[in-house]
Amino acid sequence: MTMRTKRNLVLALALAAPCLHVFGAFAAGQMSFEQAVRELGSPDAGTRLKTVQLLKDAAYPEAAVPLAKLVTDSQDEVQLEAMAAELNTFLAEKIITRKRVGLIIEVRNQLAAEGAFLSGPLAIGARPVPMEVLTALRAAWRDDNPRVRLEAVYTFGVLAVEPGGDRRREVLQASGPELAAMIGAIDPAQRYAALRVIARVFERRPGDPAVEQAVGDAVISALNEKDAPMRIVAMQALGAMRYERAVQGLMDLFQYFGKGELAEVSLDAVARIAHPSSVTQLQSQLGSKDAALRGIAIEGLARVGDRAKLADVQAAVRGERADTLVLAGNFASLMLSGAAGDPVALLAPLVNALGKPRLRDQARGYLVDAAPGRAQAFSRYLADPDPVVRAELVDALGLGGDGEAVQVLAPLSADRDAQVARAIERALARLRQGRSAA
């Protein structure tokens with residue numbers, strides 16, 4: 001069966017339902033992919049809407065560019081469905097939005113971009129996202145409808161993490177000024193969304209250019225927001241971008257707050273930027289009575305990379321019973337041991353923590369930071385019998401951005417577990433993009 005025949009068969013099955021009267025011109029529910037694309041240009045909004053819904057469920061990558069034109073359609077409902085269709089095309093786990101019960105089409109799952117965004121940067125698969133799609137979403141940021149604007153921002157936040165190399169640099173350059181301007185929007189939901197998307201899309205990767213000052217400074221300006229959640233997401237964005245111009249301000253904020261959530265988030269941002277000027281402040285928190293602050297300080301010193309601080313970190317966790325702090329100490333030992341340490345042995349506690357649900361997120365973050373330059377050490381654990389552990393290690397290598405990991409992962413692409421195989425495909429696509437542009 002040819003690819004076109006398969007596509008037509010799926011479309012025919014999808015149309016074999018009571019809504020067929022919308023496509024009255026098509027006999028017996030038969031519609032080719034080419035016909036569906038033509039119907040996207042129909043002057044009738046109802047026909048455009050139903051065609052978009054059809055393609056949303058089909059999730060054909062070939063439809064992504066034709067659908068992009070409807071992201072800026074004159075009808076809000078068509079726009080929202082077009083964005084949902086783009087989202088479903090690239091999600092790692094497809095969402096079937098309708099099911100048939102008897103003779104009734106029942107709406108089962110409504111695609112919402114914010115929900116996919118909350119799933120994290122690995123929500124999408126390995127398919128390349130066309131620049132036409134991202135450009136259309138950026139255009140929709142200027143829509144008159146607040147809901148359309150928000151859906152466009154969050155859909156962009158989900159999909160714009162895919163491009164790497166030169167394509168990534170193009171995305172950052174084009175979207176940065178617009179997102180920075182959005183931080184000054186009247187609508188607080190729009191400001192909040194812009195900060196969250198900056199934190200996701202502009203999260204620092206190996207080979208990234210320096211963050212444009214206009215973007216970083218716009219995020220700094222949001223630290224003056226009265227709304228605490230807005231200030232928190234601004235701090236998180238500065239930490240994710242590793243924006244060095246923010247270090248002093250964040251350190252001052254930590255000193256001002258002293259304790260509580262805002263203190264933790266400001267110190268965490270300092271620890272993620274990991275600038276040498278923050279070492280004194282981080283070191284001062286190794287003896288804090290607050291376990292969360294001690295853990296953040298250990299992480300920050302590990303990222304700064306000053307090996308002379310390893311003894312201080314080890315002293316801080318000696319006799320520690322809290323497994324989260326012990327794990328932070330393990331992370332620091334790996335990052336600060338240098339040539340004197342065995343990376344395979346030092347990775348073991350972090351890999352073991354992946355099998356513990358309570359520690360998995362913490363260990364995953366450490367492994368992403370540790371991945372560059374350690375692909376061969378990771379390879380010793382990629383045969384773990386637990387597919388969850390294998391998938392997490394693969395994702396860490398993919399997010400770590402070290403092109404050498406391609407040689408480690410490529411021979412494993414036929415993993416017996418489907419989830420691991422998808423993770424390898426996604427990681428290889430990301431790593432190869434970065435390596436080709438290096």
# chains A, B, ... in the order shown; residues from 1 in each chain; ligands from 1
$ residues_around --residues "Ala427 (chain A)" --least-positions-apart "3" --cutoff "8 Å" --atoms "only C-alpha atoms" --output "list in words"
Ala126, Val394, Asp395, Leu397, Gly398, Leu399, Ala423, Ile424, Arg430 and Leu431 of chain A
$ residues_around --residues "Ala199 (chain A)" --least-positions-apart "3" --cutoff "10 Å" --atoms "only C-alpha atoms" --output "compact mmCIF listing (two decimals) with N, CA and C atoms, in the first residue's frame"
# COMPACT_ATOMS: atom_id res chain seq x y z
N GLY A 157 5.72 28.06 22.71
CA GLY A 157 6.59 27.58 23.78
C GLY A 157 6.80 26.08 23.73
N ALA A 193 2.70 34.52 30.59
CA ALA A 193 2.98 33.53 29.54
C ALA A 193 4.31 33.84 28.84
N ALA A 194 4.57 35.11 28.57
CA ALA A 194 5.81 35.48 27.90
C ALA A 194 7.02 35.09 28.74
N LEU A 195 6.96 35.33 30.04
CA LEU A 195 8.07 34.97 30.91
C LEU A 195 8.29 33.46 30.96
N ARG A 196 7.20 32.71 31.02
CA ARG A 196 7.32 31.25 31.06
C ARG A 196 7.92 30.72 29.77
N PHE A 202 14.42 29.94 25.76
CA PHE A 202 15.75 30.54 25.87
C PHE A 202 16.62 29.86 26.93
N GLU A 203 16.17 28.74 27.47
CA GLU A 203 17.01 28.02 28.43
C GLU A 203 18.34 27.70 27.77
N ARG A 204 19.41 28.01 28.46
CA ARG A 204 20.75 27.97 27.85
C ARG A 204 21.14 26.57 27.42
N VAL A 219 13.32 40.83 31.17
CA VAL A 219 12.96 39.87 32.22
C VAL A 219 13.35 40.44 33.58
N VAL A 233 8.43 33.59 38.33
CA VAL A 233 8.70 33.08 36.98
C VAL A 233 9.78 33.92 36.29
N ALA A 234 9.88 35.21 36.63
CA ALA A 234 10.95 36.04 36.09
C ALA A 234 12.30 35.55 36.61
N MET A 235 12.39 35.24 37.90
CA MET A 235 13.63 34.70 38.46
C MET A 235 13.98 33.37 37.79
N GLN A 236 12.99 32.52 37.61
CA GLN A 236 13.24 31.23 36.97
C GLN A 236 13.74 31.41 35.54
N ALA A 237 13.20 32.39 34.83
CA ALA A 237 13.65 32.65 33.46
C ALA A 237 15.10 33.12 33.45
N LEU A 238 15.45 34.00 34.36
CA LEU A 238 16.83 34.50 34.42
C LEU A 238 17.80 33.37 34.73
N GLY A 239 17.39 32.47 35.62
CA GLY A 239 18.25 31.32 35.92
C GLY A 239 18.37 30.38 34.74
N ALA A 240 17.26 30.13 34.05
CA ALA A 240 17.29 29.23 32.90
C ALA A 240 18.17 29.78 31.79
N MET A 241 18.09 31.09 31.57
CA MET A 241 18.90 31.72 30.52
C MET A 241 20.36 31.88 30.94
$ residues_around --residues "Glu178 (chain A)" --least-positions-apart "5" --cutoff "9 Å" --atoms "only C-alpha atoms" --output "list in words"
Arg138, Trp141, Ile183 and Val215 of chain A
$ closest_residue --among "A:Leu350, A:Leu336, A:Ala45, A:Ile95" --to "Asp323 (chain A)" --atoms "only C-alpha atoms"
A:Leu350
$ select_by_dssp --residues "region 45-76 of chain A" --states "alpha helix (DSSP H)" --output "mmCIF file with C-alpha atoms, in the first residue's frame"
data_model
loop_
_atom_site.group_PDB
_atom_site.id
_atom_site.type_symbol
_atom_site.label_atom_id
_atom_site.label_comp_id
_atom_site.auth_asym_id
_atom_site.auth_seq_id
_atom_site.Cartn_x
_atom_site.Cartn_y
_atom_site.Cartn_z
ATOM 1 C CA ALA A 45 -15.501 29.034 7.685
ATOM 2 C CA GLY A 46 -17.422 25.893 8.653
ATOM 3 C CA THR A 47 -15.669 23.853 5.980
ATOM 4 C CA ARG A 48 -12.279 25.206 7.024
ATOM 5 C CA LEU A 49 -13.023 24.361 10.647
ATOM 6 C CA LYS A 50 -14.103 20.790 9.966
ATOM 7 C CA THR A 51 -11.117 20.200 7.699
ATOM 8 C CA VAL A 52 -8.737 21.480 10.359
ATOM 9 C CA GLN A 53 -10.369 19.192 12.921
ATOM 10 C CA LEU A 54 -9.952 16.264 10.562
ATOM 11 C CA LEU A 55 -6.277 16.992 10.032
ATOM 12 C CA LYS A 56 -5.818 17.544 13.745
ATOM 13 C CA ASP A 57 -6.819 13.966 14.460
ATOM 14 C CA ALA A 58 -4.811 12.637 11.506
ATOM 15 C CA ALA A 64 1.843 21.359 9.164
ATOM 16 C CA VAL A 65 2.743 24.042 6.609
ATOM 17 C CA PRO A 66 -0.729 24.212 4.975
ATOM 18 C CA LEU A 67 -2.295 24.431 8.446
ATOM 19 C CA ALA A 68 0.012 27.279 9.425
ATOM 20 C CA ASP A 76 -11.118 32.623 16.146
#
$ atom_distance --atom1 "CA of Ala375 (chain A)" --atom2 "CA of Glu425 (chain A)"
16.4 Å
$ closest_atom_pairs --of "region 327-431 of chain A" --to "region 252-275 of chain A" --cutoff "12 Å" --atoms "only C-alpha atoms" --output "CSV"
residue,atom,partner,partner_atom,distance
A:Gly365,CA,A:Arg272,CA,11.1
A:Tyr366,CA,A:Arg272,CA,11.3
A:Asp369,CA,A:Arg272,CA,10.0
$ residues_around --residues "region 173-177 of chain A" --least-positions-apart "6" --cutoff "10 Å" --atoms "only C-alpha atoms" --output "ChimeraX atom specification"
/A:134-135,138,156,160,167,198,201-202,209,211-216,218
$ write_last_selection --atoms "N, CA and C atoms" --output "PDB file, in the first residue's frame"
ATOM      1  N   LEU A 134       6.227  28.221  13.173  1.00  0.00           N
ATOM      2  CA  LEU A 134       6.639  29.114  14.258  1.00  0.00           C
ATOM      3  C   LEU A 134       6.405  30.573  13.889  1.00  0.00           C
ATOM      4  N   THR A 135       6.604  30.921  12.619  1.00  0.00           N
ATOM      5  CA  THR A 135       6.355  32.288  12.170  1.00  0.00           C
ATOM      6  C   THR A 135       4.872  32.635  12.270  1.00  0.00           C
ATOM      7  N   ARG A 138       3.929  33.283  15.873  1.00  0.00           N
ATOM      8  CA  ARG A 138       4.377  34.609  16.314  1.00  0.00           C
ATOM      9  C   ARG A 138       3.440  35.693  15.794  1.00  0.00           C
ATOM     10  N   PHE A 156       3.704  28.112  20.763  1.00  0.00           N
ATOM     11  CA  PHE A 156       5.074  28.426  20.377  1.00  0.00           C
ATOM     12  C   PHE A 156       6.054  27.894  21.428  1.00  0.00           C
ATOM     13  N   ALA A 160       8.767  25.507  19.864  1.00  0.00           N
ATOM     14  CA  ALA A 160      10.010  26.207  19.538  1.00  0.00           C
ATOM     15  C   ALA A 160      11.230  25.622  20.219  1.00  0.00           C
ATOM     16  N   ARG A 167      18.907  26.867  12.958  1.00  0.00           N
ATOM     17  CA  ARG A 167      17.464  27.118  13.068  1.00  0.00           C
ATOM     18  C   ARG A 167      17.130  27.660  14.448  1.00  0.00           C
ATOM     19  N   ILE A 198       9.827  32.372  27.619  1.00  0.00           N
ATOM     20  CA  ILE A 198      11.245  32.739  27.566  1.00  0.00           C
ATOM     21  C   ILE A 198      12.062  31.753  28.380  1.00  0.00           C
ATOM     22  N   VAL A 201      12.096  28.432  26.120  1.00  0.00           N
ATOM     23  CA  VAL A 201      12.731  28.477  24.804  1.00  0.00           C
ATOM     24  C   VAL A 201      14.165  28.988  24.887  1.00  0.00           C
ATOM     25  N   PHE A 202      14.422  29.945  25.760  1.00  0.00           N
ATOM     26  CA  PHE A 202      15.749  30.542  25.869  1.00  0.00           C
ATOM     27  C   PHE A 202      16.622  29.861  26.927  1.00  0.00           C
ATOM     28  N   PRO A 209      24.163  31.485  21.446  1.00  0.00           N
ATOM     29  CA  PRO A 209      24.761  32.816  21.553  1.00  0.00           C
ATOM     30  C   PRO A 209      24.356  33.451  22.877  1.00  0.00           C
ATOM     31  N   VAL A 211      22.517  35.747  25.425  1.00  0.00           N
ATOM     32  CA  VAL A 211      21.159  36.286  25.401  1.00  0.00           C
ATOM     33  C   VAL A 211      21.225  37.775  25.082  1.00  0.00           C
ATOM     34  N   GLU A 212      20.376  38.199  24.161  1.00  0.00           N
ATOM     35  CA  GLU A 212      20.344  39.618  23.828  1.00  0.00           C
ATOM     36  C   GLU A 212      19.993  40.434  25.062  1.00  0.00           C
ATOM     37  N   GLN A 213      20.701  41.536  25.242  1.00  0.00           N
ATOM     38  CA  GLN A 213      20.508  42.357  26.436  1.00  0.00           C
ATOM     39  C   GLN A 213      19.069  42.853  26.553  1.00  0.00           C
ATOM     40  N   ALA A 214      18.456  43.188  25.424  1.00  0.00           N
ATOM     41  CA  ALA A 214      17.081  43.680  25.468  1.00  0.00           C
ATOM     42  C   ALA A 214      16.136  42.629  26.030  1.00  0.00           C
ATOM     43  N   VAL A 215      16.397  41.352  25.727  1.00  0.00           N
ATOM     44  CA  VAL A 215      15.552  40.275  26.245  1.00  0.00           C
ATOM     45  C   VAL A 215      15.823  40.060  27.734  1.00  0.00           C
ATOM     46  N   GLY A 216      17.097  39.910  28.090  1.00  0.00           N
ATOM     47  CA  GLY A 216      17.433  39.678  29.480  1.00  0.00           C
ATOM     48  C   GLY A 216      17.003  40.811  30.385  1.00  0.00           C
ATOM     49  N   ALA A 218      14.589  42.935  29.890  1.00  0.00           N
ATOM     50  CA  ALA A 218      13.126  42.954  29.998  1.00  0.00           C
ATOM     51  C   ALA A 218      12.658  41.988  31.079  1.00  0.00           C
TER      52      ALA A 218
END
$ residues_around --residues "Lys356 (chain A)" --least-positions-apart "3" --cutoff "12 Å" --atoms "only C-alpha atoms" --output "mmCIF file with N, CA and C atoms, in the first residue's frame"
data_model
loop_
_atom_site.group_PDB
_atom_site.id
_atom_site.type_symbol
_atom_site.label_atom_id
_atom_site.label_comp_id
_atom_site.auth_asym_id
_atom_site.auth_seq_id
_atom_site.Cartn_x
_atom_site.Cartn_y
_atom_site.Cartn_z
ATOM 1 N N ASP A 323 17.892 12.533 51.971
ATOM 2 C CA ASP A 323 18.398 11.968 50.719
ATOM 3 C C ASP A 323 18.514 13.006 49.612
ATOM 4 N N THR A 324 17.704 14.082 49.670
ATOM 5 C CA THR A 324 17.826 15.118 48.650
ATOM 6 C C THR A 324 19.162 15.852 48.769
ATOM 7 N N LEU A 327 21.994 13.527 47.651
ATOM 8 C CA LEU A 327 22.051 13.476 46.194
ATOM 9 C C LEU A 327 22.713 14.736 45.634
ATOM 10 N N PRO A 349 25.236 7.069 41.904
ATOM 11 C CA PRO A 349 24.149 7.509 42.789
ATOM 12 C C PRO A 349 23.062 8.284 42.059
ATOM 13 N N LEU A 350 23.453 9.052 41.038
ATOM 14 C CA LEU A 350 22.456 9.819 40.288
ATOM 15 C C LEU A 350 21.587 8.889 39.453
ATOM 16 N N VAL A 351 22.209 7.888 38.837
ATOM 17 C CA VAL A 351 21.451 6.920 38.035
ATOM 18 C C VAL A 351 20.519 6.111 38.934
ATOM 19 N N ASN A 352 21.012 5.690 40.082
ATOM 20 C CA ASN A 352 20.177 4.925 41.013
ATOM 21 C C ASN A 352 18.964 5.731 41.460
ATOM 22 N N ALA A 353 19.139 7.042 41.604
ATOM 23 C CA ALA A 353 18.031 7.893 42.055
ATOM 24 C C ALA A 353 16.912 7.970 41.020
ATOM 25 N N LEU A 359 12.887 11.118 43.970
ATOM 26 C CA LEU A 359 14.154 11.771 43.634
ATOM 27 C C LEU A 359 14.368 11.924 42.129
ATOM 28 N N ARG A 360 13.441 11.380 41.336
ATOM 29 C CA ARG A 360 13.680 11.295 39.888
ATOM 30 C C ARG A 360 13.867 12.661 39.240
ATOM 31 N N ASP A 361 12.998 13.613 39.554
ATOM 32 C CA ASP A 361 13.119 14.930 38.923
ATOM 33 C C ASP A 361 14.441 15.593 39.289
ATOM 34 N N GLN A 362 14.827 15.490 40.549
ATOM 35 C CA GLN A 362 16.080 16.081 40.995
ATOM 36 C C GLN A 362 17.264 15.440 40.271
ATOM 37 N N ALA A 363 17.266 14.111 40.205
ATOM 38 C CA ALA A 363 18.357 13.407 39.536
ATOM 39 C C ALA A 363 18.396 13.730 38.055
ATOM 40 N N ARG A 364 17.230 13.844 37.427
ATOM 41 C CA ARG A 364 17.182 14.160 35.996
ATOM 42 C C ARG A 364 17.869 15.495 35.715
ATOM 43 N N ASP A 386 15.706 -1.383 33.697
ATOM 44 C CA ASP A 386 14.497 -0.561 33.876
ATOM 45 C C ASP A 386 14.384 0.423 32.710
ATOM 46 N N VAL A 388 12.469 2.912 32.340
ATOM 47 C CA VAL A 388 12.335 4.289 32.827
ATOM 48 C C VAL A 388 13.712 4.910 33.005
ATOM 49 N N VAL A 389 14.626 4.149 33.595
ATOM 50 C CA VAL A 389 15.989 4.642 33.802
ATOM 51 C C VAL A 389 16.673 4.865 32.457
#
